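Notes for the one structure printed next.
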Amino acid sequence: MYRYICKRILLVIPTLLGAAALVFVLMRLIPGDVCVVRLGSSGGTFDPKAIALCHAELGMERPLIVQFMDFVWGIVRLDFGTSMWSGNPVTTEIWARLPISVEIAILATVIAIAIAIPLGAVSAIKQNTWIDILVRLFAVAGTATPSFWLGLVSLLIVLNFTSAVFGAPWMPPIEYVPIWQDPIRNLSMALLPAVTVGYRYAAVSMRMTRSAMLEVMQEDYIRTARAKGLINKLIINRHALKNALLPVVTLLGIEFAFLIGGLVVTEQVFNLNGVGRLFVQAVQNQDYTLTQALVMLTVIIFVISNLVVDLLYAWLDPRIRYS
Amino acid sequence: MAYTHEQEGSIIRDLLRSRRPRLVRIGIFQRWRGLLAAAIVCAATGALAEVPKRGGILTYMIPADGGPSLDGHRETTFAVVHATAPFYSVLIRVDPNNPSSTSDFTCDLCMEIPKPTDDGLTYTFKIRKGVKFHDGSPLTAQDVAASWNKIVHPKPGVASARENNFVMVDTIAAPDDETVVFKLKFATLTFLPALADPYAYIYSKKKLDQDMHWYEKNIVGSGPFKLTEYQVGQAIKGERNPDYYHPGQPYLDGFVAIFAPKQSVRTDAIRADRAALEFRSLPPSARDQLVKELGDKVSVQESDWNCGNVVTPNHQKKPFDDVRVRKALFLAIDQWKGAQALSKIAIIKTVAGIVFPGSPMAATKEELEQMIGYGPDIEKSRAEARHLLKEAGQENLSFELLNRNVDQPYKIVGTWLVDEWSKVGFKATQKVVPTGPWLDAMRSGDFTVALEANCQNVVNPIADVGRWLPHEIQRENYGYFADPQMVDIYNRMLRETDVKKARVLMRQFETRINQEAHQLMVTYWYRIVPMRSYVKGWKISPSHYLNQDLANIWLEK
């Protein structure tokens with residue numbers, strides 16, 4: 001087991017290097033640079049000397065290979081440098097945004113699990129009944145509806161509903177407060193985006209749970225269990241659902257990793273100062289160091305979540321061993 | 001009803017402003033202050049029924065993801081001013097009680113606006129006594145001189161975004177702790193407005209001496225508010241500075257500025273009262289929606305904006321090296337009708353030339369109508385455009401308009417222009433790209449026609465039109481043309497101290513640009529600031545960079 005984990009962690013190194021090289025090159029292929037955007041985007045006049053100075057300050061005049069080696073050496077030392085836009089350490093920039101992104105990801109995952117697994121299982125058990133049709137409809141709608149659109153609509157519904165019922169429109173706070181400082185304010189900010197993201201996430205997982213359950217229900221050991229006279233509840237909970245969860249767990253892991261940095265539009269819609277919004281900002285500002293660090297972070301999150309998923313397999317299915 | 005010393009002065013100034021030149025008014029003001037104040041306060045009681053109230057926290061939004069550094073001297077984005085202006089003092093500023101005026105400047109840290117001496121070459125400012133930085137250290141003329149030297153004569157390795165606005169400044173010195181002397185290389189009308197730059201924060205000399213970059217990451221000013229918290233990319237907060245030197249101000253206990261780049265969030269937040277306003281601008285649709293939904297709970301202030309879009313043909317690219325083709329490009333555009341129609345959907349309203357329409361230096365409507373691209377008879381203009389294209393052998397010319405990936409108003413104006421050009425046979429397509437590539441294409445000359453923006457802060461007509469100078473002089477002019485005659489007119493205008501003569505030169509300058517069809521200003525932007533009605537005291541200005549220190553804002557709540 002430990003050998004397997006070590007092997008997986010070592011595999012992260014070439015993955016990171018590949019991603020580093022790719023993002024390094026891609027960012028520099030975009031015309032323009034951070035200094036031009038910083039000084040020229042407001043439409044006013046500015047001193048061209050300031051651009052030359054900015055380039056020199058940020059080390060952009062150095063040969064590309066030197067910049068790349070510097071970047072890789074930084075990764076080795078876990079030093080991602082400073083943001084070219086703000087001048088703050090990249091870790092400060094990311095750390096400021098990570099809590100809200102992680103919180104939304106966790107909440108959305110909890111919502112998704114709470115909806116997807118029971119409904120997916122019920123849908124499979126009640127295959128081709130009206131319950132199954134309703135659940136499938138719910139799932140298809142969730143898959144087809146973009147989260148940001150759902151976010152916009154849900155905000156409008158909340159505003160209009162509160163306006164009509166209480167006489168004054170209400171919307172979630174637009175300024176983040178950590179949960180340990182003010183849990184109610186924090187949750188009232190995070191809940192709506194978590195629900196809108198969680199719905200799509202639940203829809204995908206629900207479909208996966210249903211198809212996996214349907215497959216498992218046809219297995220010989222389920223038939224054996226029924227033949228043994230086990231009650232249906234036990235068959236489903238102990239034998240079918242646990243085995244059907246394998247692909248669902250994989251999906252949940254990948255989705256969770258995606259949620260950390262991928263809620264680009266949803267974070268904008270709800271004014272969440274998260275990693276997704278930072279990603280867009282970094283690319284728009286052509287902030288190479290910050291974008292590179294964010295890509296690295298995303299790669300690391302994906303690798304870790306995949307590792308966790310793999311380890312969960314062993315718990316869910318004792319036949320799987322990594323030695 | 002009690003008025004503070006400042007308010008009495010303000011009322012008197014407002015009433016006297018229209019009749020006498022500023023320096024004369026100061027003399028009258030000092031001699032008759034007591035008597036006039038008593039009389040005018042009584043008379044004005046009805047008109048000024050709203051007395052500023054102390055207290056409350058103002059929550060407003062900044063339509064951006066956060067500025068780059070916190071140093072106003074080196075940055076150009078409004079996000080920096082909106083976030084940091086409340087913490088700083090400046091030497092002079094646009095009058096916060098009359099910010100829509102293009103010529104009214106008042107002291108912030110100085111005692112009075114000085115009359116230049118030495119044939120207009122020397123300005124001696126007396127600095128207020130007893131002003132303190134937020135860390136308790138005293139602010140003296142040495143700090144003012146050090147800050148201005150950082151802006152005008154930055155040391156190697158120190159960036160100053162507006163250094164080239166001060167080509168006229170020779171030396172800045174503080175002979176004692178209460179006096180700052182600016183010596184100019186030549187007398188010019190552009191100096192005082194340039195000095196009212198809202199980014200020209202006064203920093204501590206001691207801190208600058210220790211580290212010229214200190215203010216990029218730290219805030220210690222002497223303005224109406226003290227920094228309490230800065231959450232990167234999220235919000236910035238300030239509390240009332242009890243030692244503020246303008247008596248009675250600020251009225252607010254504090255403020256919270258939340259970064260909110262998405263327009264729908266900002267509109268919803270005003271609707272739900274999560275924030276009272278944003279100071280930049282919302283489009284007409286958002287204004288109408290808020291007014292419809294909130295009724296008298298929302299008030300709206302609107303103003304022409306010292307920003308506008310500019311059509312720039314690249315003179316280095318054929319066939320736009322031919323003046324006939326460039327003229328045809330401009331003649332095809334019906335600005336008068338276009339502005340009227342676009343004002344319903346975009347932050348656009350007024351048609352004007354290269355000078356901000358509220359300025360006495362701006363072309364009158366009659367003067368404009370004589371120019372290419374402003375003709376009152378659009379059919380006649382378009383017939384001329386077709387004729388010019390035929391003459392140049394460029395009928396059915398296809399080209400690409402380079403535009404910025406920003407809805408308000410770039411993409412709207414770009415779409416309108418493409419349609420206007422199609423009416424004389426141009427086959428234009430729009431290439432919309434993000435800010436970085438848009439700027440890069442213009443800077444490298446890799447475009448045919450571009451839609452750019454000209455956005456200035458203080459209305460300073462002669463300085464503002466400097467951006468129209470040829471590329472060899474103004475590196476950020478992307479028309480890539482040479483025109484020595486323009487440069488000559490500009491240099492004479494820059495050194496002219498008589499407003500009437502400067503206006504004549506301005507007309508010559510504008511006519512030259514227009515006759516050569518170098519570039520065309522299309523439709524000035526229009527600032528629309530809807531706010532919760534309980535926000536009082538703030539007055540809109542022609543620039544979103546101005547009047548942002550929040551000192552005169554109070555809440556009726």
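Every chain in the structure tokens has a letter given in the order shown (A, B, ...), and although residue numbers restart at 1 in each chain, ligands are simply numbered from 1 in the order shown.
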
Which parts of segment 316-536 of chain B does DSSP call strand (DSSP E) when run on the backbone here, written out as an MDAnalysis selection string? chainID B and resid 398:404 427:433 449:455 520:532 535:536

Dump as a short mmCIF file (atom, residue, chain, number, x, y, z; two decimals), in the first residue's frame, selection limited to N, CA and C atoms:
data_model
loop_
_atom_site.label_atom_id
_atom_site.label_comp_id
_atom_site.auth_asym_id
_atom_site.auth_seq_id
_atom_site.Cartn_x
_atom_site.Cartn_y
_atom_site.Cartn_z
N SER B 398 -12.69 46.21 -47.88
CA SER B 398 -12.88 45.36 -46.69
C SER B 398 -11.75 45.62 -45.71
N PHE B 399 -12.10 45.71 -44.44
CA PHE B 399 -11.06 45.84 -43.41
C PHE B 399 -11.60 45.32 -42.08
N GLU B 400 -10.69 45.23 -41.14
CA GLU B 400 -11.03 44.69 -39.83
C GLU B 400 -10.91 45.78 -38.77
N LEU B 401 -11.93 45.90 -37.94
CA LEU B 401 -11.88 46.86 -36.83
C LEU B 401 -11.40 46.12 -35.59
N LEU B 402 -10.27 46.54 -35.07
CA LEU B 402 -9.75 45.92 -33.83
C LEU B 402 -10.47 46.54 -32.65
N ASN B 403 -11.05 45.70 -31.82
CA ASN B 403 -11.82 46.24 -30.69
C ASN B 403 -11.50 45.45 -29.42
N ARG B 404 -11.84 46.06 -28.31
CA ARG B 404 -11.54 45.48 -27.00
C ARG B 404 -12.73 44.68 -26.50
N LYS B 427 -16.73 47.20 -46.16
CA LYS B 427 -17.11 45.90 -45.61
C LYS B 427 -16.21 45.65 -44.39
N ALA B 428 -16.68 46.13 -43.26
CA ALA B 428 -15.86 46.03 -42.05
C ALA B 428 -16.31 44.85 -41.20
N THR B 429 -15.35 44.19 -40.61
CA THR B 429 -15.66 43.15 -39.63
C THR B 429 -15.00 43.54 -38.31
N GLN B 430 -15.55 43.07 -37.24
CA GLN B 430 -15.03 43.47 -35.95
C GLN B 430 -14.21 42.32 -35.34
N LYS B 431 -13.01 42.63 -34.92
CA LYS B 431 -12.19 41.62 -34.24
C LYS B 431 -12.09 42.05 -32.78
N VAL B 432 -12.78 41.29 -31.93
CA VAL B 432 -12.83 41.65 -30.51
C VAL B 432 -11.87 40.76 -29.73
N VAL B 433 -10.94 41.38 -29.05
CA VAL B 433 -9.92 40.61 -28.32
C VAL B 433 -9.78 41.14 -26.89
N VAL B 449 -7.70 49.28 -38.56
CA VAL B 449 -8.43 50.36 -37.88
C VAL B 449 -8.72 49.85 -36.47
N ALA B 450 -8.51 50.72 -35.48
CA ALA B 450 -8.75 50.30 -34.10
C ALA B 450 -9.77 51.22 -33.44
N LEU B 451 -10.50 50.62 -32.52
CA LEU B 451 -11.36 51.45 -31.67
C LEU B 451 -10.68 51.50 -30.31
N GLU B 452 -10.19 52.67 -29.96
CA GLU B 452 -9.53 52.79 -28.66
C GLU B 452 -10.31 53.75 -27.78
N ALA B 453 -9.76 54.03 -26.62
CA ALA B 453 -10.45 54.94 -25.71
C ALA B 453 -9.48 56.03 -25.27
N ASN B 454 -10.05 57.18 -24.99
CA ASN B 454 -9.28 58.26 -24.41
C ASN B 454 -9.97 58.61 -23.10
N CYS B 455 -9.32 58.33 -22.00
CA CYS B 455 -9.97 58.52 -20.70
C CYS B 455 -9.03 59.27 -19.77
N LEU B 520 -10.53 60.02 -35.10
CA LEU B 520 -11.83 60.67 -34.85
C LEU B 520 -12.37 60.29 -33.48
N MET B 521 -12.74 61.31 -32.74
CA MET B 521 -13.38 61.07 -31.44
C MET B 521 -14.84 60.73 -31.72
N VAL B 522 -15.29 59.59 -31.23
CA VAL B 522 -16.71 59.27 -31.44
C VAL B 522 -17.40 59.14 -30.08
N THR B 523 -18.39 59.97 -29.89
CA THR B 523 -19.29 59.90 -28.73
C THR B 523 -18.57 59.82 -27.38
N TYR B 524 -18.76 60.85 -26.61
CA TYR B 524 -18.22 60.83 -25.24
C TYR B 524 -19.05 59.89 -24.39
N TRP B 525 -18.40 59.31 -23.41
CA TRP B 525 -19.10 58.43 -22.48
C TRP B 525 -19.93 59.27 -21.51
N TYR B 526 -20.83 58.59 -20.86
CA TYR B 526 -21.77 59.29 -19.98
C TYR B 526 -21.83 58.54 -18.66
N ARG B 527 -21.54 59.24 -17.60
CA ARG B 527 -21.51 58.59 -16.27
C ARG B 527 -22.90 58.55 -15.68
N ILE B 528 -23.31 57.37 -15.26
CA ILE B 528 -24.62 57.20 -14.63
C ILE B 528 -24.37 56.52 -13.28
N VAL B 529 -24.61 57.23 -12.22
CA VAL B 529 -24.34 56.66 -10.89
C VAL B 529 -25.63 56.60 -10.06
N PRO B 530 -26.32 55.46 -10.12
CA PRO B 530 -27.48 55.29 -9.24
C PRO B 530 -27.01 54.94 -7.84
N MET B 531 -27.65 55.52 -6.86
CA MET B 531 -27.23 55.24 -5.48
C MET B 531 -28.44 55.22 -4.56
N ARG B 532 -28.28 54.57 -3.47
CA ARG B 532 -29.33 54.59 -2.45
C ARG B 532 -29.55 56.04 -2.01
N VAL B 535 -27.62 58.15 0.63
CA VAL B 535 -26.25 58.66 0.45
C VAL B 535 -26.34 60.13 0.05
N LYS B 536 -25.75 60.99 0.85
CA LYS B 536 -25.82 62.43 0.60
C LYS B 536 -24.42 63.04 0.55
#

Chain B contacts to chain A at 8 Å (only C-alpha atoms) as JSON, numbers by chain: {"B": [65, 67, 68, 69, 75, 76, 77, 78, 157, 158, 159, 160, 161, 162, 163, 164, 231, 232, 233, 234, 235, 258, 260, 261, 262, 264, 265, 268, 269, 271, 272, 273, 274, 434, 435, 436, 437, 438, 439, 440, 441, 452, 453, 454, 455, 456, 467, 475, 476]}

Measuring atom to atom with only C-alpha atoms, identify which of A:Pro63, A:Gly276, A:Gly198, A:Pro118 is nearest to Gly142 of chain A. A:Gly198

Neighbouring residues of Ile235 of chain A were defined as those with any atom within 9 Å, considering only C-alpha atoms; residues of the same chain fewer than 4 positions away were excluded. Please report them as a PyMOL selection string. chain A and resi 222+225-226+230-231+239-241

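When the distance limit is 10 Å and only C-alpha atoms are what count, the residues near Phe71 of chain A, minus those fewer than 5 positions from it on the same chain, are Ala20, Ala21, Phe24, Ile65, Val66, Val76, Arg77, Asp79, Phe80, Gly81, Thr289, Gln292 and Ala293 of chain A.
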
Selected residues, N, CA and C atoms, written as an mmCIF file, in the first residue's frame, please.
data_model
loop_
_atom_site.group_PDB
_atom_site.id
_atom_site.type_symbol
_atom_site.label_atom_id
_atom_site.label_comp_id
_atom_site.auth_asym_id
_atom_site.auth_seq_id
_atom_site.Cartn_x
_atom_site.Cartn_y
_atom_site.Cartn_z
ATOM 1 N N ALA A 20 3.912 22.499 -16.033
ATOM 2 C CA ALA A 20 4.672 23.750 -15.887
ATOM 3 C C ALA A 20 5.157 24.228 -17.250
ATOM 4 N N ALA A 21 5.718 23.304 -18.019
ATOM 5 C CA ALA A 21 6.237 23.688 -19.339
ATOM 6 C C ALA A 21 5.110 24.180 -20.234
ATOM 7 N N PHE A 24 3.742 27.577 -19.074
ATOM 8 C CA PHE A 24 4.779 28.598 -19.286
ATOM 9 C C PHE A 24 4.765 29.061 -20.737
ATOM 10 N N ILE A 65 14.444 30.900 -21.351
ATOM 11 C CA ILE A 65 14.946 29.683 -20.690
ATOM 12 C C ILE A 65 15.346 29.980 -19.241
ATOM 13 N N VAL A 66 15.916 31.154 -19.034
ATOM 14 C CA VAL A 66 16.303 31.553 -17.669
ATOM 15 C C VAL A 66 15.026 31.710 -16.819
ATOM 16 N N VAL A 76 10.542 23.658 -7.049
ATOM 17 C CA VAL A 76 11.323 22.711 -6.232
ATOM 18 C C VAL A 76 11.404 23.214 -4.791
ATOM 19 N N ARG A 77 11.580 24.537 -4.650
ATOM 20 C CA ARG A 77 11.717 25.108 -3.298
ATOM 21 C C ARG A 77 10.362 25.493 -2.699
ATOM 22 N N ASP A 79 8.500 27.743 -3.772
ATOM 23 C CA ASP A 79 8.407 29.200 -3.795
ATOM 24 C C ASP A 79 7.891 29.593 -5.179
ATOM 25 N N PHE A 80 6.638 30.008 -5.228
ATOM 26 C CA PHE A 80 6.021 30.325 -6.518
ATOM 27 C C PHE A 80 6.214 31.782 -6.909
ATOM 28 N N GLY A 81 6.959 32.497 -6.123
ATOM 29 C CA GLY A 81 7.275 33.887 -6.479
ATOM 30 C C GLY A 81 6.182 34.860 -6.092
ATOM 31 N N THR A 289 3.214 34.559 -13.364
ATOM 32 C CA THR A 289 3.581 33.804 -12.155
ATOM 33 C C THR A 289 2.348 33.264 -11.443
ATOM 34 N N GLN A 292 0.699 30.455 -13.515
ATOM 35 C CA GLN A 292 1.512 29.225 -13.412
ATOM 36 C C GLN A 292 1.278 28.545 -12.059
ATOM 37 N N ALA A 293 1.268 29.341 -11.007
ATOM 38 C CA ALA A 293 1.080 28.768 -9.668
ATOM 39 C C ALA A 293 -0.314 28.148 -9.550
#

Do a neighbour search on Tyr480 of chain B at 12 Å with only C-alpha atoms, toss out local chain neighbours closer than 5 positions, and write the hits as a compact mmCIF listing (two decimals) with C-alpha atoms, in the first residue's frame.
# COMPACT_ATOMS: atom_id res chain seq x y z
CA THR B 312 -7.76 55.19 -35.19
CA PRO B 313 -6.84 54.18 -38.72
CA ASN B 314 -3.30 52.87 -39.00
CA HIS B 315 -1.64 55.30 -41.42
CA GLN B 316 1.06 52.73 -42.14
CA LYS B 317 -1.43 50.25 -43.58
CA PHE B 320 -5.42 54.04 -44.91
CA ASP B 321 -2.27 55.91 -45.82
CA MET B 442 -1.99 48.56 -31.34
CA ARG B 443 1.47 48.91 -29.86
CA SER B 444 2.98 46.68 -32.53
CA GLY B 445 1.01 48.35 -35.34
CA ASP B 446 -0.64 45.05 -36.21
CA PHE B 447 -4.09 46.40 -37.09
CA THR B 448 -5.87 48.33 -39.81
CA VAL B 449 -8.43 50.36 -37.88
CA ALA B 450 -8.75 50.30 -34.10
CA TRP B 468 -3.43 63.03 -30.22
CA LEU B 469 0.15 64.02 -30.98
CA PRO B 470 2.02 61.85 -33.50
CA HIS B 471 3.56 58.59 -32.38
CA GLU B 472 7.10 59.99 -32.41
CA ILE B 473 6.06 62.42 -29.63
CA GLN B 474 3.26 60.51 -27.94
CA ARG B 475 4.23 56.86 -27.98
CA HIS B 518 -5.76 61.27 -38.43
CA GLN B 519 -8.22 60.04 -35.82

Residues near Thr209 of chain A, cut-off 9 Å, only C-alpha atoms, skip fewer than 2 positions along chain, as a ChimeraX atom specification: /A:116-121,124,204-207,211-214,241,244-245,247-248

Skip Pro138 of chain B itself and residues of its chain fewer than 2 positions away, then list as a list in words all residues within 12 Å of it, counting only C-alpha atoms. Ile127, Arg128, Lys129, Gly130, Val131, Lys132, Phe133, His134, Asp135, Gly136, Thr140, Ala141, Gln142, Asp143, Val144, Asp177, Glu178, Tyr203, Ser204, Lys205, Lys206, Gly221, Ser222 and Asp243 of chain B

Could those residues be written to a file, using N, CA, C and O atoms, as a tab-separated table (two decimals), in the first residue's frame?
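Result file follows (again36.tsv):
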chain	number	residue	atom	x	y	z
B	127	ILE	N	1.58	75.41	3.16
B	127	ILE	CA	0.98	74.14	3.60
B	127	ILE	C	0.33	74.30	4.96
B	127	ILE	O	0.86	75.00	5.83
B	128	ARG	N	-0.81	73.65	5.13
B	128	ARG	CA	-1.52	73.69	6.42
B	128	ARG	C	-0.62	73.25	7.56
B	128	ARG	O	0.14	72.29	7.40
B	129	LYS	N	-0.82	73.87	8.70
B	129	LYS	CA	-0.07	73.44	9.88
B	129	LYS	C	-0.91	72.41	10.64
B	129	LYS	O	-2.13	72.43	10.56
B	130	GLY	N	-0.24	71.59	11.38
B	130	GLY	CA	-0.94	70.67	12.29
B	130	GLY	C	-1.53	69.44	11.64
B	130	GLY	O	-2.27	68.70	12.28
B	131	VAL	N	-1.20	69.20	10.37
B	131	VAL	CA	-1.73	67.98	9.72
B	131	VAL	C	-0.85	66.79	10.14
B	131	VAL	O	0.37	66.90	10.21
B	132	LYS	N	-1.52	65.68	10.44
B	132	LYS	CA	-0.77	64.49	10.89
B	132	LYS	C	-1.04	63.31	9.97
B	132	LYS	O	-2.16	63.13	9.49
B	133	PHE	N	-0.02	62.51	9.78
B	133	PHE	CA	-0.24	61.22	9.13
B	133	PHE	C	-0.97	60.30	10.12
B	133	PHE	O	-0.99	60.57	11.32
B	134	HIS	N	-1.52	59.24	9.59
B	134	HIS	CA	-2.30	58.34	10.45
B	134	HIS	C	-1.46	57.64	11.51
B	134	HIS	O	-1.98	57.12	12.48
B	135	ASP	N	-0.13	57.64	11.31
B	135	ASP	CA	0.72	57.04	12.35
B	135	ASP	C	1.12	58.08	13.40
B	135	ASP	O	1.94	57.80	14.28
B	136	GLY	N	0.56	59.27	13.30
B	136	GLY	CA	0.80	60.30	14.31
B	136	GLY	C	1.93	61.26	13.97
B	136	GLY	O	2.08	62.30	14.61
B	140	THR	N	4.54	67.77	6.79
B	140	THR	CA	5.08	69.10	6.51
B	140	THR	C	5.29	69.28	5.01
B	140	THR	O	5.07	68.33	4.22
B	141	ALA	N	5.76	70.45	4.67
B	141	ALA	CA	6.04	70.74	3.26
B	141	ALA	C	7.10	69.79	2.70
B	141	ALA	O	7.13	69.52	1.50
B	142	GLN	N	7.97	69.27	3.57
B	142	GLN	CA	9.00	68.33	3.11
B	142	GLN	C	8.35	67.06	2.53
B	142	GLN	O	8.83	66.52	1.55
B	143	ASP	N	7.28	66.63	3.17
B	143	ASP	CA	6.57	65.44	2.68
B	143	ASP	C	5.92	65.73	1.33
B	143	ASP	O	5.93	64.88	0.43
B	144	VAL	N	5.36	66.94	1.22
B	144	VAL	CA	4.69	67.32	-0.03
B	144	VAL	C	5.73	67.36	-1.16
B	144	VAL	O	5.50	66.80	-2.24
B	177	ASP	N	9.27	74.15	6.47
B	177	ASP	CA	8.24	73.12	6.70
B	177	ASP	C	6.83	73.53	6.27
B	177	ASP	O	5.90	72.72	6.34
B	178	GLU	N	6.68	74.79	5.89
B	178	GLU	CA	5.33	75.25	5.52
B	178	GLU	C	5.24	75.73	4.08
B	178	GLU	O	4.19	76.22	3.66
B	203	TYR	N	2.77	61.38	0.47
B	203	TYR	CA	3.37	60.32	1.28
B	203	TYR	C	4.35	60.92	2.29
B	203	TYR	O	4.76	62.08	2.15
B	204	SER	N	4.73	60.10	3.23
B	204	SER	CA	5.70	60.54	4.23
B	204	SER	C	7.12	60.49	3.65
B	204	SER	O	7.54	59.46	3.10
B	205	LYS	N	7.81	61.61	3.75
B	205	LYS	CA	9.19	61.67	3.23
B	205	LYS	C	10.06	60.63	3.91
B	205	LYS	O	10.89	59.98	3.28
B	206	LYS	N	9.83	60.49	5.22
B	206	LYS	CA	10.65	59.55	5.99
B	206	LYS	C	10.51	58.13	5.43
B	206	LYS	O	11.49	57.42	5.23
B	221	GLY	N	-1.65	57.40	5.20
B	221	GLY	CA	-1.84	58.72	4.63
B	221	GLY	C	-2.21	59.72	5.70
B	221	GLY	O	-1.94	59.52	6.89
B	222	SER	N	-2.82	60.79	5.27
B	222	SER	CA	-3.30	61.80	6.21
B	222	SER	C	-4.73	62.19	5.85
B	222	SER	O	-5.22	63.23	6.26
B	243	ASP	N	-8.37	63.09	13.46
B	243	ASP	CA	-7.45	64.24	13.35
B	243	ASP	C	-7.54	64.93	12.00
B	243	ASP	O	-6.66	65.72	11.64

Interatomic distance (Å, one decimal) between atom CA of Asn165 of chain B and atom CA of Met506 of chain B: 17.9 Å

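Proximity to Tyr313 of chain A was assessed for A:Leu191, A:Thr250, A:Phe258, A:Thr298 counting only C-alpha atoms; the smallest distance is recorded for A:Thr250.
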
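Compared by their closest atoms to Lys126 of chain B, and using only C-alpha atoms, the residues B:Val220, B:Ala346, B:Leu368, B:Leu109 rank with B:Leu109 nearest.
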
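One distance worth recording is that between atom CA of Ala328 of chain B and atom CA of Gly414 of chain B, which is 16.9 Å.
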
Shortest contact to Leu29 of chain A, candidates A:Leu150, A:Leu137, A:Leu64, A:Ala202, atoms counted only C-alpha atoms, goes to A:Leu64
